[in-house]
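Okay, protein_30.txt now, which holds compact mmCIF, C-alpha atoms and all ligand atoms:
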```txt
# COMPACT_ATOMS: atom_id res chain seq x y z
CA MET A 1 0.00 0.00 0.00
CA GLU A 2 1.39 3.34 -1.07
CA PRO A 3 0.72 6.72 0.50
CA ALA A 4 -0.83 9.58 -1.44
CA VAL A 5 -1.25 13.32 -1.30
CA PHE A 6 -4.71 14.67 -2.11
CA LEU A 7 -4.30 18.17 -3.43
CA ASP A 8 -6.75 20.97 -3.79
CA ARG A 9 -6.36 22.69 -7.16
CA ASP A 10 -7.42 26.37 -7.11
CA GLY A 11 -5.49 28.49 -4.62
CA THR A 12 -3.14 25.60 -3.90
CA ILE A 13 -1.48 24.62 -7.20
CA ASN A 14 -2.70 27.57 -9.31
CA GLU A 15 -3.96 31.04 -8.43
CA ASP A 16 -7.68 31.03 -7.62
CA ILE A 17 -9.40 33.35 -10.07
CA GLY A 18 -12.83 31.72 -9.60
CA ASN A 19 -14.37 29.60 -12.37
CA LEU A 20 -11.08 28.63 -13.98
CA TYR A 21 -11.82 26.78 -17.22
CA ARG A 22 -9.74 28.59 -19.83
CA VAL A 23 -6.19 27.38 -20.37
CA GLU A 24 -4.92 30.92 -20.97
CA ASP A 25 -6.06 31.86 -17.45
CA ILE A 26 -3.89 29.28 -15.68
CA SER A 27 -1.29 30.84 -13.47
CA PHE A 28 0.68 28.42 -11.34
CA ILE A 29 1.63 29.53 -7.86
CA PRO A 30 5.40 30.14 -7.77
CA GLY A 31 7.29 26.97 -6.84
CA ALA A 32 4.20 24.74 -6.99
CA VAL A 33 5.13 22.73 -10.07
CA ASN A 34 8.65 22.03 -8.78
CA ALA A 35 7.25 21.06 -5.39
CA LEU A 36 4.93 18.52 -7.02
CA LYS A 37 7.84 17.10 -8.98
CA ARG A 38 9.66 16.37 -5.73
CA LEU A 39 6.57 15.10 -3.95
CA GLN A 40 5.71 12.52 -6.60
CA GLU A 41 8.95 10.66 -5.92
CA LYS A 42 7.45 9.47 -2.63
CA TYR A 43 3.70 9.91 -3.02
CA GLN A 44 0.98 9.25 -5.57
CA LEU A 45 -0.63 12.58 -6.40
CA PHE A 46 -4.35 13.20 -6.79
CA ILE A 47 -6.35 16.41 -7.23
CA ILE A 48 -9.75 16.77 -5.60
CA THR A 49 -11.60 19.91 -6.63
CA ASN A 50 -14.99 21.52 -5.97
CA GLN A 51 -16.27 23.27 -9.11
CA SER A 52 -19.68 24.60 -8.16
CA GLY A 53 -19.58 26.95 -11.18
CA ILE A 54 -20.62 23.91 -13.21
CA GLY A 55 -23.68 23.36 -11.01
CA ARG A 56 -24.50 27.08 -11.25
CA LYS A 57 -24.22 26.76 -15.05
CA GLU A 58 -21.44 29.36 -15.21
CA PHE A 59 -19.49 26.90 -17.33
CA SER A 60 -20.32 23.46 -18.63
CA ILE A 61 -19.10 20.02 -17.69
CA ASP A 62 -17.62 19.79 -21.21
CA ASP A 63 -15.70 23.06 -20.63
CA TYR A 64 -14.44 21.52 -17.42
CA LEU A 65 -13.42 18.19 -18.92
CA GLU A 66 -11.59 19.82 -21.81
CA PHE A 67 -9.81 22.13 -19.38
CA GLU A 68 -8.87 19.27 -17.06
CA LYS A 69 -7.29 17.37 -19.94
CA GLU A 70 -5.19 20.40 -20.88
CA TYR A 71 -4.30 21.15 -17.26
CA MET A 72 -3.07 17.61 -16.66
CA SER A 73 -1.15 17.69 -19.92
CA ILE A 74 0.58 20.99 -19.04
CA LEU A 75 1.63 19.51 -15.71
CA PHE A 76 2.72 16.28 -17.38
CA GLN A 77 4.88 18.22 -19.85
CA SER A 78 6.46 19.96 -16.86
CA GLY A 79 7.28 16.55 -15.40
CA VAL A 80 4.37 16.20 -12.96
CA ASN A 81 2.21 13.10 -13.10
CA ILE A 82 -1.15 13.57 -11.38
CA VAL A 83 -2.60 10.06 -11.19
CA GLU A 84 -6.19 11.29 -11.34
CA THR A 85 -8.40 14.30 -10.72
CA ARG A 86 -11.82 14.03 -9.11
CA CYS A 87 -14.24 16.93 -9.41
CA CYS A 88 -17.48 17.74 -7.63
CA PRO A 89 -19.61 19.74 -10.08
CA HIS A 90 -22.44 20.36 -7.61
CA THR A 91 -23.49 23.41 -5.62
CA PRO A 92 -23.77 23.25 -1.82
CA GLU A 93 -27.58 23.30 -2.22
CA ASP A 94 -27.43 20.04 -4.20
CA LEU A 95 -26.44 18.22 -0.99
CA CYS A 96 -24.41 15.73 -3.02
CA LYS A 97 -22.14 13.10 -1.48
CA CYS A 98 -18.93 14.24 -3.20
CA ARG A 99 -18.46 17.94 -2.39
CA LYS A 100 -15.58 18.69 -0.02
CA PRO A 101 -15.51 18.50 3.02
CA SER A 102 -16.94 15.08 2.12
CA THR A 103 -14.24 12.41 2.15
CA HIS A 104 -16.11 10.51 -0.57
CA PHE A 105 -13.45 10.90 -3.28
CA ILE A 106 -10.57 10.06 -0.93
CA GLU A 107 -12.31 6.88 0.14
CA GLU A 108 -13.10 5.97 -3.44
CA LEU A 109 -9.50 6.58 -4.58
CA ALA A 110 -8.04 4.75 -1.59
CA HIS A 111 -10.07 1.70 -2.51
CA GLU A 112 -9.25 1.91 -6.20
CA TYR A 113 -5.51 2.54 -5.84
CA ASN A 114 -4.87 0.62 -2.61
CA ILE A 115 -3.68 3.75 -0.78
CA ASN A 116 -2.29 3.74 2.74
CA LEU A 117 -4.44 6.54 4.17
CA ALA A 118 -2.64 6.59 7.53
CA LYS A 119 0.50 7.75 5.72
CA SER A 120 -1.32 10.13 3.38
CA TYR A 121 -1.94 13.87 3.40
CA SER A 122 -4.46 16.33 2.11
CA VAL A 123 -3.41 19.89 1.28
CA GLY A 124 -5.40 23.00 0.49
CA ASP A 125 -6.28 26.63 1.10
CA HIS A 126 -9.55 25.89 2.91
CA LEU A 127 -9.89 24.24 6.28
CA HIS A 128 -11.99 21.47 4.76
CA ASP A 129 -9.13 20.56 2.39
CA ALA A 130 -6.87 19.84 5.36
CA GLU A 131 -9.60 18.29 7.48
CA MET A 132 -10.34 15.58 4.90
CA GLY A 133 -6.87 14.11 5.32
CA SER A 134 -7.19 14.06 9.09
CA LYS A 135 -10.69 12.58 8.94
CA THR A 136 -9.46 9.68 6.81
CA GLY A 137 -6.64 8.81 9.21
CA GLY A 138 -3.79 10.79 7.69
CA LYS A 139 -2.69 14.38 8.07
CA GLY A 140 -3.97 17.71 6.84
CA ILE A 141 -2.00 20.75 5.74
CA TYR A 142 -3.44 24.23 5.32
CA VAL A 143 -1.72 26.59 2.89
CA LEU A 144 -1.80 30.39 3.07
CA THR A 145 -2.01 30.94 -0.70
CA GLY A 146 -5.38 31.31 -2.46
CA HIS A 147 -8.05 31.95 0.19
CA GLY A 148 -5.82 30.63 2.96
CA LYS A 149 -4.73 33.95 4.42
CA LYS A 150 -8.16 35.51 4.10
CA HIS A 151 -9.78 32.65 6.03
CA LEU A 152 -7.32 32.55 8.90
CA ASP A 153 -10.07 33.85 11.20
CA VAL A 154 -12.14 30.74 10.36
CA LEU A 155 -9.18 28.68 11.49
CA LYS A 156 -8.97 30.52 14.79
CA CYS A 157 -12.62 29.69 15.59
CA SER A 158 -12.46 26.08 14.44
CA ASP A 159 -12.29 22.99 16.68
CA TYR A 160 -10.33 21.28 13.95
CA GLN A 161 -6.72 22.41 13.65
CA PRO A 162 -4.55 21.33 10.72
CA ASP A 163 -1.41 19.32 11.40
CA TYR A 164 0.63 22.03 9.74
CA ILE A 165 0.13 25.51 8.29
CA ALA A 166 2.39 26.22 5.34
CA LYS A 167 3.15 29.46 3.55
CA ASP A 168 2.54 27.75 0.23
CA LEU A 169 2.63 24.37 -1.50
CA SER A 170 6.45 24.36 -1.57
CA GLU A 171 6.61 24.68 2.19
CA ALA A 172 3.90 22.03 2.59
CA VAL A 173 5.95 19.64 0.47
CA GLU A 174 9.09 20.36 2.52
CA PHE A 175 7.12 19.44 5.63
CA ILE A 176 5.76 16.23 4.11
CA LEU A 177 9.15 15.08 2.81
CA GLU A 178 10.81 15.80 6.17
CA HIS A 179 8.29 13.51 7.86
CA VAL A 180 8.32 10.56 5.44
CA ASN A 181 8.41 7.35 7.40
MG MG B 201 -8.81 26.01 -3.10
ZN ZN B 202 -20.74 16.65 -5.62
```
Can the structure in the file be given as structure tokens, please?
Amino acid sequence: MEPAVFLDRDGTINEDIGNLYRVEDISFIPGAVNALKRLQEKYQLFIITNQSGIGRKEFSIDDYLEFEKEYMSILFQSGVNIVETRCCPHTPEDLCKCRKPSTHFIEELAHEYNINLAKSYSVGDHLHDAEMGSKTGGKGIYVLTGHGKKHLDVLKCSDYQPDYIAKDLSEAVEFILEHVN
């Protein structure tokens, strides 16, 4: 059983501009791509993303799927191999089973790829991104890029506290690689 890192996409790997579905709008957070390159030597990488803009009909599922293909291919050409991306296209009002903070996708992927969840991490710029990893027996890291800084007050009021707060994805990856066991 191999460990994995479940990554949030917007605000964690790329700048969060809201409703990102055009390739020309992708702007990677400085250092993120290189950090992923290092991380994949020890961990299988997955992206789990909430895209409620699809549910609100601000862009279509086809726009999303075409974008995802391009996004993965850009990362792949930069030397990063994301094993798979899982996307929740619903709005909060849909009360679906897959929207983060649901651990649905992590559980599904763990089953499919035989992942050791106890040695795995989740990383993201919302508390729920970090909490998912903790809830499934691993660790959660909160990053201060994207909405991370803005939502620090949420963190202060929350019962759940991430295992680590990182300046950005690079620092999160440093932390993970220092604690590989
Ligand atoms: Mg995010
Ligand atoms: Zn969903």
Report task. Write out as a ChimeraX atom specification which residues come within 9 Å of Gln51 (chain A) when counting all atoms listed in the file, dropping same-chain ones fewer than 5 positions away. Result -> /A:19-20,64,87-91,99
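Proximal residues of ligand ZN 202 (chain B) are Ile48, Thr49, Asn50, Gln51, Ser52, Gly53, Ile54, Gly55, Arg86, Cys87, Cys88, Pro89, His90, Thr91, Pro92, Glu93, Asp94, Leu95, Cys96, Lys97, Cys98, Arg99, Lys100, Pro101, Ser102, Thr103, His104 and Phe105 of chain A, by a cut-off of 12 Å on all atoms listed in the file.
Counting only C-alpha atoms and all ligand atoms and comparing A:Gly79, A:Pro3, A:Gly11, A:Gly18, the residue that lies closest to ligand MG 201 (chain B) is A:Gly11.
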Query - Between CA of Glu131 (chain A) and CA of Asp8 (chain A), distance in Å (one decimal) - result: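 Distance between the two atoms: 11.9 Å.
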**Report entry** Expected answer as a list in words: residues within 9 Å of ligand MG 201 (chain B), all atoms listed in the file
**Finding:**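 Those within range of ligand MG 201 (chain B) are Asp8, Arg9, Asp10, Gly11, Thr12, Ile13, Asn14, Glu15, Asp16, Thr49, Asn50, Gly124, Asp125, His126, Asp129, Thr145, Gly146, His147 and Gly148 of chain A.
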Requested in this report: Determine the nearest neighbour of Ala166 (chain A) from the options A:Val154, A:Val180, A:Ile82, A:Val123, counting all atoms listed in the file.
Outcome: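 Result for the nearest residue to Ala166 (chain A): A:Val123.
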Report task. With a distance cut-off of 10 Å and all atoms listed in the file, select the neighbouring residues of Ala172 (chain A), excluding the residue or stretch itself and same-chain residues fewer than 5 positions from it, and output the selection as a PyMOL selection string. Result -> chain A and resi 32+35+39+123-124+140-143+164-167+177-178
Please, could you write that set of residues out with C-alpha atoms as a PDB file, in the frame of the given file?
```pdb
ATOM      1  CA  ALA A  32       4.200  24.740  -6.990  1.00  0.00           C
ATOM      2  CA  ALA A  35       7.250  21.060  -5.390  1.00  0.00           C
ATOM      3  CA  LEU A  39       6.570  15.100  -3.950  1.00  0.00           C
ATOM      4  CA  VAL A 123      -3.410  19.890   1.280  1.00  0.00           C
ATOM      5  CA  GLY A 124      -5.400  23.000   0.490  1.00  0.00           C
ATOM      6  CA  GLY A 140      -3.970  17.710   6.840  1.00  0.00           C
ATOM      7  CA  ILE A 141      -2.000  20.750   5.740  1.00  0.00           C
ATOM      8  CA  TYR A 142      -3.440  24.230   5.320  1.00  0.00           C
ATOM      9  CA  VAL A 143      -1.720  26.590   2.890  1.00  0.00           C
ATOM     10  CA  TYR A 164       0.630  22.030   9.740  1.00  0.00           C
ATOM     11  CA  ILE A 165       0.130  25.510   8.290  1.00  0.00           C
ATOM     12  CA  ALA A 166       2.390  26.220   5.340  1.00  0.00           C
ATOM     13  CA  LYS A 167       3.150  29.460   3.550  1.00  0.00           C
ATOM     14  CA  LEU A 177       9.150  15.080   2.810  1.00  0.00           C
ATOM     15  CA  GLU A 178      10.810  15.800   6.170  1.00  0.00           C
TER      16      GLU A 178
END
```
Query raised in the report: Out of A:Tyr71, A:Tyr160, A:Tyr121, A:Phe46, which residue has the shortest atom-to-atom distance to Glu108 (chain A) when counting all atoms listed in the file?
Result: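 Looking only at the distances to Glu108 (chain A), the closest residue turns out to be A:Phe46.
Taking CA of Ser122 (chain A) as the reference point, CA of Ser134 (chain A) is found at 7.8 Å.
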Query raised in the report: Closest to Ala130 (chain A) among A:Ile74, A:Leu155, A:Leu65, A:Leu45, using only C-alpha atoms?
Result: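 With only C-alpha atoms as the atom set, the closest residue is A:Leu155.
You will find CA of Gly137 (chain A) at 21.8 Å from CA of Glu171 (chain A).
Nearest to Val83 (chain A) of all the residues A:Phe28, A:Tyr43, A:Phe175, A:Phe59 is A:Tyr43, counting all atoms listed in the file.
Closest approach to Leu75 (chain A) among A:Leu109, A:Leu36, A:Ile61, A:Leu152: A:Leu36, based on only C-alpha atoms.
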Could you give me the axis-aligned bounding box of region 139-154 of chain A, with 6 Å of padding per side, as centre plus edge lengths in Å to one decimal, as AutoDock Vina command-line options?
```
--center_x -6.9 --center_y 24.9 --center_z 4.4 --size_x 22.4 --size_y 33.1 --size_z 25.7
```
Query - Test item: residues at most 8 Å from Val23 (chain A), all atoms listed in the file, excluding those fewer than 3 positions along its chain, as JSON, numbers by chain - result: {"A": [26, 67, 70, 71]}
Output: region 39-71 of chain A of the preceding structure, restricted to N, CA, C and O atoms, written as a tab-separated table (two decimals), in the first residue's frame.
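Just written: selection37.tsv:
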```
chain	number	residue	atom	x	y	z
A	39	LEU	N	7.52	15.87	-4.75
A	39	LEU	CA	6.57	15.10	-3.95
A	39	LEU	C	6.23	13.76	-4.59
A	39	LEU	O	6.06	12.74	-3.91
A	40	GLN	N	6.14	13.74	-5.92
A	40	GLN	CA	5.71	12.52	-6.60
A	40	GLN	C	6.74	11.39	-6.53
A	40	GLN	O	6.42	10.26	-6.87
A	41	GLU	N	7.96	11.73	-6.10
A	41	GLU	CA	8.95	10.66	-5.92
A	41	GLU	C	8.58	9.75	-4.76
A	41	GLU	O	9.00	8.60	-4.70
A	42	LYS	N	7.81	10.25	-3.81
A	42	LYS	CA	7.45	9.47	-2.63
A	42	LYS	C	5.95	9.21	-2.51
A	42	LYS	O	5.54	8.34	-1.74
A	43	TYR	N	5.16	9.99	-3.20
A	43	TYR	CA	3.70	9.91	-3.02
A	43	TYR	C	2.98	9.89	-4.36
A	43	TYR	O	3.40	10.57	-5.30
A	44	GLN	N	1.87	9.14	-4.42
A	44	GLN	CA	0.98	9.25	-5.57
A	44	GLN	C	0.19	10.55	-5.40
A	44	GLN	O	-0.26	10.85	-4.31
A	45	LEU	N	0.04	11.28	-6.49
A	45	LEU	CA	-0.63	12.58	-6.40
A	45	LEU	C	-2.02	12.55	-7.04
A	45	LEU	O	-2.20	12.04	-8.14
A	46	PHE	N	-2.99	13.08	-6.30
A	46	PHE	CA	-4.35	13.20	-6.79
A	46	PHE	C	-4.83	14.64	-6.57
A	46	PHE	O	-4.43	15.28	-5.60
A	47	ILE	N	-5.70	15.12	-7.45
A	47	ILE	CA	-6.35	16.41	-7.23
A	47	ILE	C	-7.82	16.16	-6.93
A	47	ILE	O	-8.47	15.35	-7.61
A	48	ILE	N	-8.32	16.82	-5.90
A	48	ILE	CA	-9.75	16.77	-5.60
A	48	ILE	C	-10.24	18.21	-5.58
A	48	ILE	O	-9.74	19.04	-4.82
A	49	THR	N	-11.20	18.52	-6.45
A	49	THR	CA	-11.60	19.91	-6.63
A	49	THR	C	-13.12	20.09	-6.61
A	49	THR	O	-13.84	19.28	-7.20
A	50	ASN	N	-13.58	21.12	-5.92
A	50	ASN	CA	-14.99	21.52	-5.97
A	50	ASN	C	-15.15	22.54	-7.08
A	50	ASN	O	-14.44	23.56	-7.07
A	51	GLN	N	-16.04	22.30	-8.03
A	51	GLN	CA	-16.27	23.27	-9.11
A	51	GLN	C	-17.76	23.57	-9.20
A	51	GLN	O	-18.45	23.13	-10.13
A	52	SER	N	-18.24	24.34	-8.22
A	52	SER	CA	-19.68	24.60	-8.16
A	52	SER	C	-20.16	25.50	-9.30
A	52	SER	O	-21.35	25.59	-9.56
A	53	GLY	N	-19.22	26.15	-10.00
A	53	GLY	CA	-19.58	26.95	-11.18
A	53	GLY	C	-20.26	26.10	-12.24
A	53	GLY	O	-21.07	26.61	-13.03
A	54	ILE	N	-19.96	24.81	-12.25
A	54	ILE	CA	-20.62	23.91	-13.21
A	54	ILE	C	-22.09	23.77	-12.80
A	54	ILE	O	-23.00	23.92	-13.63
A	55	GLY	N	-22.32	23.51	-11.51
A	55	GLY	CA	-23.68	23.36	-11.01
A	55	GLY	C	-24.50	24.64	-11.16
A	55	GLY	O	-25.71	24.61	-11.36
A	56	ARG	N	-23.81	25.79	-11.08
A	56	ARG	CA	-24.50	27.08	-11.25
A	56	ARG	C	-24.62	27.48	-12.72
A	56	ARG	O	-25.05	28.57	-13.04
A	57	LYS	N	-24.16	26.57	-13.59
A	57	LYS	CA	-24.22	26.76	-15.05
A	57	LYS	C	-23.39	27.97	-15.51
A	57	LYS	O	-23.71	28.62	-16.50
A	58	GLU	N	-22.32	28.28	-14.78
A	58	GLU	CA	-21.44	29.36	-15.21
A	58	GLU	C	-20.43	28.87	-16.24
A	58	GLU	O	-19.87	29.64	-17.00
A	59	PHE	N	-20.19	27.57	-16.22
A	59	PHE	CA	-19.49	26.90	-17.33
A	59	PHE	C	-19.98	25.46	-17.34
A	59	PHE	O	-20.59	25.00	-16.38
A	60	SER	N	-19.71	24.78	-18.46
A	60	SER	CA	-20.32	23.46	-18.63
A	60	SER	C	-19.37	22.35	-18.21
A	60	SER	O	-18.16	22.56	-18.08
A	61	ILE	N	-19.92	21.19	-18.04
A	61	ILE	CA	-19.10	20.02	-17.69
A	61	ILE	C	-18.11	19.74	-18.84
A	61	ILE	O	-16.98	19.33	-18.60
A	62	ASP	N	-18.53	19.98	-20.07
A	62	ASP	CA	-17.62	19.79	-21.21
A	62	ASP	C	-16.47	20.79	-21.17
A	62	ASP	O	-15.32	20.44	-21.44
A	63	ASP	N	-16.77	22.06	-20.82
A	63	ASP	CA	-15.70	23.06	-20.63
A	63	ASP	C	-14.72	22.54	-19.60
A	63	ASP	O	-13.50	22.60	-19.77
A	64	TYR	N	-15.29	22.02	-18.51
A	64	TYR	CA	-14.44	21.52	-17.42
A	64	TYR	C	-13.55	20.38	-17.89
A	64	TYR	O	-12.34	20.38	-17.64
A	65	LEU	N	-14.17	19.40	-18.54
A	65	LEU	CA	-13.42	18.19	-18.92
A	65	LEU	C	-12.30	18.51	-19.91
A	65	LEU	O	-11.19	17.98	-19.81
A	66	GLU	N	-12.60	19.41	-20.84
A	66	GLU	CA	-11.59	19.82	-21.81
A	66	GLU	C	-10.44	20.53	-21.10
A	66	GLU	O	-9.27	20.29	-21.38
A	67	PHE	N	-10.81	21.40	-20.15
A	67	PHE	CA	-9.81	22.13	-19.38
A	67	PHE	C	-8.96	21.16	-18.57
A	67	PHE	O	-7.73	21.27	-18.53
A	68	GLU	N	-9.61	20.21	-17.91
A	68	GLU	CA	-8.87	19.27	-17.06
A	68	GLU	C	-7.82	18.51	-17.86
A	68	GLU	O	-6.68	18.32	-17.42
A	69	LYS	N	-8.22	18.09	-19.08
A	69	LYS	CA	-7.29	17.37	-19.94
A	69	LYS	C	-6.05	18.22	-20.23
A	69	LYS	O	-4.92	17.75	-20.14
A	70	GLU	N	-6.29	19.47	-20.58
A	70	GLU	CA	-5.19	20.40	-20.88
A	70	GLU	C	-4.33	20.66	-19.64
A	70	GLU	O	-3.10	20.70	-19.72
A	71	TYR	N	-4.99	20.85	-18.53
A	71	TYR	CA	-4.30	21.15	-17.26
A	71	TYR	C	-3.35	20.00	-16.90
A	71	TYR	O	-2.18	20.24	-16.58
```
